[in-house]
>>> print(open('start-v6.txt').read())   # compact mmCIF, C-alpha atoms and all ligand atoms
# COMPACT_ATOMS: atom_id res chain seq x y z
CA MET A 1 29.62 -25.06 -30.14
CA LYS A 2 26.29 -24.20 -28.60
CA GLU A 3 27.70 -22.67 -25.40
CA LEU A 4 29.70 -20.18 -27.45
CA GLU A 5 26.83 -19.40 -29.81
CA LYS A 6 24.55 -18.69 -26.84
CA ARG A 7 27.15 -16.39 -25.32
CA ILE A 8 27.59 -14.51 -28.59
CA GLN A 9 23.81 -14.08 -28.83
CA ALA A 10 23.64 -12.89 -25.22
CA ASP A 11 26.70 -10.65 -24.97
CA GLY A 12 28.08 -10.01 -28.45
CA ARG A 13 27.37 -6.68 -30.11
CA VAL A 14 27.21 -6.15 -33.84
CA LEU A 15 29.01 -3.01 -34.94
CA GLY A 16 28.32 -1.67 -38.40
CA LYS A 17 27.90 -4.26 -41.12
CA ASP A 18 30.69 -6.72 -40.33
CA ILE A 19 32.21 -6.39 -36.85
CA LEU A 20 31.23 -8.43 -33.82
CA LYS A 21 32.31 -7.02 -30.49
CA VAL A 22 33.00 -9.77 -27.97
CA ASP A 23 35.19 -7.89 -25.54
CA SER A 24 33.04 -8.72 -22.52
CA PHE A 25 34.00 -12.41 -22.62
CA LEU A 26 36.64 -13.16 -25.29
CA ASN A 27 39.23 -10.54 -26.12
CA HIS A 28 39.31 -7.90 -23.40
CA GLN A 29 37.49 -9.22 -20.34
CA ILE A 30 37.80 -13.01 -20.48
CA ASP A 31 35.42 -15.67 -19.20
CA PRO A 32 37.86 -18.38 -18.04
CA GLN A 33 35.23 -21.12 -17.85
CA LEU A 34 34.07 -20.52 -21.42
CA MET A 35 37.71 -20.31 -22.51
CA GLN A 36 38.49 -23.63 -20.86
CA ASP A 37 35.45 -25.27 -22.45
CA MET A 38 36.61 -24.02 -25.84
CA GLY A 39 40.08 -25.39 -25.24
CA MET A 40 38.58 -28.78 -24.45
CA GLU A 41 36.50 -28.63 -27.60
CA PHE A 42 39.60 -27.88 -29.69
CA ALA A 43 41.34 -30.79 -27.98
CA ARG A 44 38.43 -33.09 -28.85
CA LEU A 45 38.41 -31.95 -32.47
CA PHE A 46 42.16 -32.43 -32.98
CA ALA A 47 42.79 -35.30 -30.52
CA SER A 48 43.70 -37.82 -33.21
CA GLN A 49 46.10 -35.59 -35.13
CA GLY A 50 49.28 -36.02 -33.11
CA VAL A 51 49.58 -32.34 -32.25
CA THR A 52 52.95 -31.51 -30.64
CA LYS A 53 52.64 -27.71 -30.50
CA ILE A 54 50.10 -24.94 -30.75
CA LEU A 55 50.91 -21.76 -32.64
CA THR A 56 48.93 -18.54 -32.33
CA VAL A 57 49.48 -14.79 -32.56
CA GLU A 58 49.27 -12.21 -29.82
CA ALA A 59 47.16 -10.90 -28.26
CA SER A 60 43.69 -12.39 -28.53
CA GLY A 61 44.77 -15.80 -29.79
CA ILE A 62 46.72 -16.51 -26.63
CA ALA A 63 43.87 -17.34 -24.25
CA PRO A 64 42.13 -19.95 -26.43
CA ALA A 65 45.51 -21.35 -27.49
CA VAL A 66 46.64 -21.81 -23.89
CA MET A 67 43.42 -23.61 -22.99
CA ALA A 68 43.77 -25.89 -26.01
CA GLY A 69 47.41 -26.51 -25.08
CA LEU A 70 46.39 -27.41 -21.55
CA ALA A 71 43.78 -29.84 -22.80
CA LEU A 72 46.13 -31.41 -25.38
CA ASP A 73 49.12 -31.27 -23.01
CA VAL A 74 51.39 -29.54 -25.53
CA PRO A 75 53.35 -26.25 -25.42
CA VAL A 76 51.86 -23.07 -26.83
CA VAL A 77 53.90 -20.60 -28.89
CA PHE A 78 52.59 -17.18 -29.77
CA ALA A 79 53.97 -15.06 -32.58
CA ARG A 80 54.94 -11.59 -31.42
CA LYS A 81 53.85 -8.50 -33.27
CA SER A 82 56.58 -6.22 -32.02
CA LYS A 83 60.24 -6.94 -31.77
CA SER A 84 61.06 -7.69 -28.18
CA ARG A 85 64.41 -6.61 -26.78
CA ILE A 86 64.97 -10.13 -25.54
CA LEU A 87 63.95 -11.82 -28.80
CA THR A 88 66.98 -12.74 -30.85
CA ASP A 89 67.28 -12.01 -34.56
CA ASP A 90 67.09 -15.74 -35.12
CA ALA A 91 63.39 -15.71 -35.86
CA PHE A 92 60.89 -16.97 -38.41
CA THR A 93 58.93 -13.98 -39.73
CA ALA A 94 55.87 -13.27 -41.87
CA ASP A 95 53.85 -10.21 -42.84
CA VAL A 96 50.21 -9.86 -41.78
CA TYR A 97 48.03 -7.38 -43.58
CA SER A 98 45.10 -6.24 -41.45
CA TYR A 99 42.04 -5.25 -43.48
CA THR A 100 40.46 -3.86 -40.34
CA LYS A 101 43.37 -1.54 -39.57
CA GLN A 102 44.78 -1.31 -43.12
CA THR A 103 48.30 -1.84 -41.85
CA THR A 104 50.94 -4.50 -42.36
CA ASN A 105 52.72 -5.94 -39.36
CA GLN A 106 55.51 -8.40 -39.20
CA ILE A 107 55.03 -11.27 -36.79
CA ARG A 108 57.92 -13.33 -35.49
CA VAL A 109 58.67 -16.54 -33.64
CA ASP A 110 62.05 -17.40 -32.20
CA LYS A 111 63.53 -20.33 -34.13
CA ARG A 112 64.10 -22.27 -30.90
CA PHE A 113 60.37 -22.79 -30.45
CA LEU A 114 59.40 -24.50 -33.71
CA ILE A 115 61.24 -27.48 -35.17
CA GLY A 116 60.87 -29.69 -38.21
CA ASP A 117 59.47 -32.57 -36.17
CA ASP A 118 56.60 -30.47 -34.83
CA ARG A 119 52.99 -31.13 -35.79
CA VAL A 120 51.47 -27.71 -35.34
CA LEU A 121 47.88 -26.74 -34.61
CA LEU A 122 47.15 -23.11 -35.50
CA ILE A 123 44.67 -21.32 -33.21
CA ASP A 124 43.16 -17.84 -33.49
CA ASP A 125 40.18 -15.96 -32.14
CA PHE A 126 38.72 -14.65 -35.44
CA LEU A 127 38.80 -15.84 -39.02
CA ALA A 128 37.80 -12.89 -41.18
CA ASN A 129 40.13 -12.44 -44.14
CA GLY A 130 42.57 -15.16 -43.17
CA GLN A 131 45.68 -13.01 -43.13
CA ALA A 132 46.74 -13.99 -39.61
CA LEU A 133 46.32 -17.71 -40.33
CA LEU A 134 48.25 -17.40 -43.58
CA ALA A 135 51.12 -15.73 -41.76
CA LEU A 136 51.15 -18.44 -39.08
CA LYS A 137 51.17 -21.07 -41.83
CA THR A 138 54.17 -19.33 -43.42
CA ILE A 139 56.03 -19.37 -40.11
CA ALA A 140 55.32 -23.07 -39.49
CA GLU A 141 56.52 -23.83 -43.01
CA GLN A 142 59.73 -21.90 -42.46
CA ALA A 143 60.41 -24.30 -39.59
CA ASN A 144 59.57 -27.25 -41.88
CA ALA A 145 56.97 -28.25 -39.31
CA GLY A 146 53.81 -30.13 -40.27
CA ILE A 147 50.49 -28.31 -39.93
CA VAL A 148 47.60 -30.45 -38.70
CA GLY A 149 44.94 -27.78 -39.19
CA ALA A 150 43.46 -24.68 -37.64
CA GLY A 151 41.11 -24.08 -34.73
CA ILE A 152 39.18 -20.82 -34.81
CA VAL A 153 36.91 -19.43 -32.12
CA ILE A 154 34.66 -17.27 -34.33
CA GLU A 155 34.56 -17.48 -38.11
CA LYS A 156 32.76 -14.82 -40.11
CA SER A 157 31.77 -17.06 -42.98
CA PHE A 158 30.50 -14.15 -45.05
CA GLN A 159 34.10 -12.94 -45.35
CA PRO A 160 36.68 -14.69 -47.55
CA GLY A 161 39.05 -15.98 -44.84
CA ARG A 162 38.21 -19.69 -45.13
CA GLN A 163 38.43 -19.62 -48.91
CA ASN A 164 41.69 -17.67 -48.80
CA VAL A 165 43.37 -20.17 -46.49
CA LEU A 166 41.95 -23.17 -48.38
CA ASP A 167 43.33 -21.69 -51.59
CA ALA A 168 46.72 -21.51 -49.89
CA GLY A 169 46.52 -25.23 -49.06
CA LEU A 170 45.56 -25.02 -45.38
CA THR A 171 42.82 -27.58 -44.67
CA ASN A 172 41.20 -29.16 -41.61
CA ILE A 173 39.78 -25.90 -40.29
CA HIS A 174 37.39 -26.12 -37.36
CA SER A 175 35.55 -23.06 -36.12
CA LEU A 176 33.61 -23.20 -32.85
CA ALA A 177 31.09 -20.64 -34.11
CA ARG A 178 30.45 -19.86 -37.75
CA ILE A 179 28.56 -16.68 -38.49
CA ALA A 180 26.59 -16.63 -41.72
CA ALA A 181 25.42 -13.03 -41.50
CA PHE A 182 24.49 -10.09 -39.37
CA GLU A 183 20.87 -9.05 -39.89
CA ASP A 184 19.44 -5.99 -38.17
CA GLY A 185 22.05 -6.23 -35.46
CA GLN A 186 21.37 -9.95 -34.90
CA VAL A 187 23.91 -12.73 -35.38
CA ILE A 188 22.83 -15.52 -37.76
CA PHE A 189 24.85 -18.73 -37.39
CA MET A 190 25.51 -21.32 -40.08
CA ASN A 191 23.26 -24.35 -39.66
CA GLU A 192 24.49 -27.61 -38.11
CA GLU A 193 25.23 -29.44 -41.37
CA ASP A 194 27.37 -26.56 -42.60
CA GLU A 195 29.25 -26.50 -39.29
CA GLU A 196 30.45 -30.04 -39.92
CA VAL A 197 32.09 -29.05 -43.22
CA ASP A 198 35.65 -28.31 -42.19
CA CYS A 199 37.49 -27.92 -45.47
P1 LIG B 1 42.25 -11.82 -40.61
O1 LIG B 1 43.37 -12.10 -39.65
O2 LIG B 1 41.28 -12.97 -40.66
O3 LIG B 1 42.73 -11.41 -41.97
O4 LIG B 1 41.46 -10.59 -40.00
P2 LIG B 1 41.41 -9.03 -40.35
O5 LIG B 1 42.68 -8.54 -40.99
O6 LIG B 1 40.13 -8.77 -41.06
O7 LIG B 1 41.32 -8.52 -38.86
C1 LIG B 1 42.37 -7.90 -38.18
C2 LIG B 1 42.15 -7.94 -36.70
O8 LIG B 1 40.77 -7.72 -36.38
C3 LIG B 1 42.50 -9.26 -36.06
O9 LIG B 1 42.87 -9.00 -34.74
C4 LIG B 1 41.15 -10.00 -36.04
O10 LIG B 1 41.12 -11.00 -35.06
C5 LIG B 1 40.23 -8.87 -35.70
N1 LIG B 1 38.86 -9.05 -36.15
C6 LIG B 1 38.41 -9.33 -37.39
N2 LIG B 1 37.07 -9.35 -37.41
C7 LIG B 1 36.66 -9.06 -36.16
C8 LIG B 1 35.39 -8.91 -35.55
O11 LIG B 1 34.33 -9.04 -36.17
N3 LIG B 1 35.38 -8.61 -34.23
C9 LIG B 1 36.51 -8.45 -33.50
N4 LIG B 1 36.39 -8.18 -32.20
N5 LIG B 1 37.75 -8.57 -34.04
C10 LIG B 1 37.79 -8.86 -35.36
P3 LIG B 1 44.25 -8.38 -34.31
O12 LIG B 1 44.51 -7.05 -34.96
O13 LIG B 1 45.31 -9.38 -34.55
O14 LIG B 1 43.98 -8.06 -32.80
P4 LIG B 1 44.46 -8.73 -31.44
O15 LIG B 1 44.59 -10.21 -31.63
O16 LIG B 1 45.78 -8.07 -31.14
O17 LIG B 1 43.38 -8.38 -30.49
>>> encode(input="start-v6.txt", output="structure tokens", more="lines below")
Ligand code: G4P
Amino acid sequence: MKELEKRIQADGRVLGKDILKVDSFLNHQIDPQLMQDMGMEFARLFASQGVTKILTVEASGIAPAVMAGLALDVPVVFARKSKSRILTDDAFTADVYSYTKQTTNQIRVDKRFLIGDDRVLLIDDFLANGQALLALKTIAEQANAGIVGAGIVIEKSFQPGRQNVLDAGLTNIHSLARIAAFEDGQVIFMNEEDEEVDC
């Protein structure tokens, strides 16, 4: 998605060898117009798939997921990372290992919000190692829901996330921006033909 790529080039900052900081428009301060455009793009990409629900994980997945849910006119469920006092024990759960933080967190979704008839679209802000997507897939499977695919805002294609989730049987992955490499602090995107390859 050219609008997103331009914004990453303009306002993203490369930290070290593999981190892209996008907190001025994506995951701290948020640009609502860009977020809405991304939601519409997700809706276009998955329009024919009969999506009934969107599933993401807090915190940074929520904004793109809500915009996609608005555009597809379906509810949005986000997995919680901490146990809420008002969340019942009747929850689907999965472990997420974070390579960035080197910690494992359990995420949970109340069983009332995912059912076997659901056709679930997974949404997240980054695809790096794929651990968050794999955990969301596990949760959808616990509900016996169908998974139509995954929509990602920024994929770091030089990391193994896509391969890891493909190996686990999750296909139909669409990323709005796919980063091939960071070179001298610059972001190099995958070329157009590669962007069309979604599984
Ligand atoms: P994975 O889910 O693909 O396995 O990602 P990984 O363990 O490598 O990353 C853990 C956290 O770091 C995730 O957020 C992920 O979105 C984020 N992350 C990964 N690569 C980048 C990057 O290059 N830039 C930024 N800004 N974030 C990155 P999280 O811990 O779930 O955070 P949040 O959603 O609560 O904000």
>>> residues_near_point(input="start-v6.txt", point="(27.3, -11.3, -43.9)", cutoff="12 Å", atoms="all atoms listed in the file", output="list in words")
Val14, Gly16, Lys17, Asp18, Ile19, Leu20, Ala128, Glu155, Lys156, Ser157, Phe158, Gln159, Pro160, Arg178, Ile179, Ala180, Ala181, Phe182, Glu183, Asp184, Gly185, Gln186, Val187, Ile188, Phe189 and Met190 of chain A
>>> residues_near_ligand(input="start-v6.txt", ligand="ligand LIG 1 (chain B)", cutoff="9 Å", atoms="all atoms listed in the file", output="MDAnalysis selection string")
chainID A and resid 14:15 18:23 26:28 57:62 81 96:103 124:135 154:156 159:162
>>> atom_distance(input="start-v6.txt", atom1="CA of Ala43 (chain A)", atom2="CA of Asp31 (chain A)")
18.5 Å
>>> closest_residue(input="start-v6.txt", among="A:Ala145, A:Ile54, A:Val74, A:Leu166", to="Phe92 (chain A)", atoms="all atoms listed in the file")
A:Ala145
>>> atom_distance(input="start-v6.txt", atom1="CA of Lys111 (chain A)", atom2="CA of Gly50 (chain A)")
21.2 Å
>>> closest_residue(input="start-v6.txt", among="A:Ala140, A:Leu34, A:Ile123, A:Val76", to="Ile8 (chain A)", atoms="all atoms listed in the file")
A:Leu34
>>> residues_near_point(input="start-v6.txt", point="(50.9, -19.6, -47.9)", cutoff="9 Å", atoms="all atoms listed in the file", output="short mmCIF file (atom, residue, chain, number, x, y, z; two decimals) with C-alpha atoms, keeping the file's coordinate frame")
data_model
loop_
_atom_site.label_atom_id
_atom_site.label_comp_id
_atom_site.auth_asym_id
_atom_site.auth_seq_id
_atom_site.Cartn_x
_atom_site.Cartn_y
_atom_site.Cartn_z
CA LEU A 134 48.25 -17.40 -43.58
CA ALA A 135 51.12 -15.73 -41.76
CA LEU A 136 51.15 -18.44 -39.08
CA LYS A 137 51.17 -21.07 -41.83
CA THR A 138 54.17 -19.33 -43.42
CA GLU A 141 56.52 -23.83 -43.01
CA VAL A 165 43.37 -20.17 -46.49
CA ASP A 167 43.33 -21.69 -51.59
CA ALA A 168 46.72 -21.51 -49.89
CA GLY A 169 46.52 -25.23 -49.06
CA LEU A 170 45.56 -25.02 -45.38
#
>>> atom_distance(input="start-v6.txt", atom1="CA of Ile107 (chain A)", atom2="CA of Val153 (chain A)")
20.4 Å
>>> decode(input="start-v6.txt", residues="region 88-109 of chain A", atoms="N, CA, C and O atoms", output="mmCIF file, in the first residue's frame")
data_model
loop_
_atom_site.group_PDB
_atom_site.id
_atom_site.type_symbol
_atom_site.label_atom_id
_atom_site.label_comp_id
_atom_site.auth_asym_id
_atom_site.auth_seq_id
_atom_site.Cartn_x
_atom_site.Cartn_y
_atom_site.Cartn_z
ATOM 1 N N THR A 88 -14.125 -13.521 32.796
ATOM 2 C CA THR A 88 -14.395 -14.782 33.499
ATOM 3 C C THR A 88 -13.269 -15.770 33.230
ATOM 4 O O THR A 88 -12.415 -15.548 32.389
ATOM 5 N N ASP A 89 -13.273 -16.875 33.945
ATOM 6 C CA ASP A 89 -12.285 -17.927 33.700
ATOM 7 C C ASP A 89 -12.626 -18.710 32.441
ATOM 8 O O ASP A 89 -11.848 -19.539 31.987
ATOM 9 N N ASP A 90 -13.791 -18.445 31.887
ATOM 10 C CA ASP A 90 -14.239 -19.202 30.727
ATOM 11 C C ASP A 90 -13.642 -18.600 29.456
ATOM 12 O O ASP A 90 -14.320 -17.926 28.690
ATOM 13 N N ALA A 91 -12.335 -18.824 29.304
ATOM 14 C CA ALA A 91 -11.630 -18.139 28.215
ATOM 15 C C ALA A 91 -10.794 -19.113 27.390
ATOM 16 O O ALA A 91 -10.327 -20.131 27.903
ATOM 17 N N PHE A 92 -10.651 -18.792 26.104
ATOM 18 C CA PHE A 92 -9.659 -19.474 25.266
ATOM 19 C C PHE A 92 -8.321 -18.806 25.559
ATOM 20 O O PHE A 92 -8.247 -17.567 25.658
ATOM 21 N N THR A 93 -7.249 -19.597 25.675
ATOM 22 C CA THR A 93 -5.947 -19.014 26.008
ATOM 23 C C THR A 93 -4.842 -19.583 25.120
ATOM 24 O O THR A 93 -4.963 -20.697 24.597
ATOM 25 N N ALA A 94 -3.788 -18.803 24.959
ATOM 26 C CA ALA A 94 -2.609 -19.285 24.226
ATOM 27 C C ALA A 94 -1.390 -18.512 24.714
ATOM 28 O O ALA A 94 -1.512 -17.367 25.167
ATOM 29 N N ASP A 95 -0.233 -19.134 24.619
ATOM 30 C CA ASP A 95 1.008 -18.472 25.029
ATOM 31 C C ASP A 95 1.652 -17.769 23.849
ATOM 32 O O ASP A 95 1.668 -18.288 22.732
ATOM 33 N N VAL A 96 2.161 -16.564 24.083
ATOM 34 C CA VAL A 96 2.899 -15.822 23.060
ATOM 35 C C VAL A 96 4.304 -15.569 23.575
ATOM 36 O O VAL A 96 4.482 -14.907 24.597
ATOM 37 N N TYR A 97 5.270 -16.084 22.841
ATOM 38 C CA TYR A 97 6.655 -15.784 23.207
ATOM 39 C C TYR A 97 7.103 -14.550 22.424
ATOM 40 O O TYR A 97 6.955 -14.491 21.212
ATOM 41 N N SER A 98 7.603 -13.552 23.108
ATOM 42 C CA SER A 98 8.086 -12.344 22.443
ATOM 43 C C SER A 98 9.613 -12.401 22.329
ATOM 44 O O SER A 98 10.313 -12.406 23.339
ATOM 45 N N TYR A 99 10.101 -12.451 21.096
ATOM 46 C CA TYR A 99 11.552 -12.452 20.879
ATOM 47 C C TYR A 99 12.143 -11.105 21.272
ATOM 48 O O TYR A 99 13.260 -11.014 21.758
ATOM 49 N N THR A 100 11.342 -10.056 21.026
ATOM 50 C CA THR A 100 11.826 -8.714 21.337
ATOM 51 C C THR A 100 12.044 -8.548 22.839
ATOM 52 O O THR A 100 13.054 -8.015 23.280
ATOM 53 N N LYS A 101 11.073 -9.037 23.614
ATOM 54 C CA LYS A 101 11.159 -8.843 25.067
ATOM 55 C C LYS A 101 11.666 -10.084 25.788
ATOM 56 O O LYS A 101 11.926 -10.035 26.993
ATOM 57 N N GLN A 102 11.764 -11.195 25.077
ATOM 58 C CA GLN A 102 12.202 -12.475 25.650
ATOM 59 C C GLN A 102 11.364 -12.867 26.862
ATOM 60 O O GLN A 102 11.874 -13.256 27.910
ATOM 61 N N THR A 103 10.058 -12.722 26.691
ATOM 62 C CA THR A 103 9.123 -13.121 27.744
ATOM 63 C C THR A 103 7.986 -13.911 27.100
ATOM 64 O O THR A 103 7.732 -13.776 25.894
ATOM 65 N N THR A 104 7.307 -14.694 27.914
ATOM 66 C CA THR A 104 6.117 -15.386 27.425
ATOM 67 C C THR A 104 4.906 -14.841 28.156
ATOM 68 O O THR A 104 4.902 -14.736 29.386
ATOM 69 N N ASN A 105 3.909 -14.456 27.383
ATOM 70 C CA ASN A 105 2.661 -13.963 27.960
ATOM 71 C C ASN A 105 1.517 -14.838 27.508
ATOM 72 O O ASN A 105 1.508 -15.316 26.376
ATOM 73 N N GLN A 106 0.564 -14.986 28.409
ATOM 74 C CA GLN A 106 -0.645 -15.685 27.992
ATOM 75 C C GLN A 106 -1.643 -14.650 27.487
ATOM 76 O O GLN A 106 -1.805 -13.595 28.102
ATOM 77 N N ILE A 107 -2.272 -14.943 26.363
ATOM 78 C CA ILE A 107 -3.349 -14.067 25.904
ATOM 79 C C ILE A 107 -4.665 -14.833 26.028
ATOM 80 O O ILE A 107 -4.679 -16.065 25.993
ATOM 81 N N ARG A 108 -5.744 -14.101 26.182
ATOM 82 C CA ARG A 108 -7.020 -14.761 26.447
ATOM 83 C C ARG A 108 -8.184 -14.025 25.799
ATOM 84 O O ARG A 108 -8.182 -12.795 25.669
ATOM 85 N N VAL A 109 -9.166 -14.825 25.401
ATOM 86 C CA VAL A 109 -10.405 -14.272 24.832
ATOM 87 C C VAL A 109 -11.577 -14.977 25.498
ATOM 88 O O VAL A 109 -11.618 -16.221 25.543
#
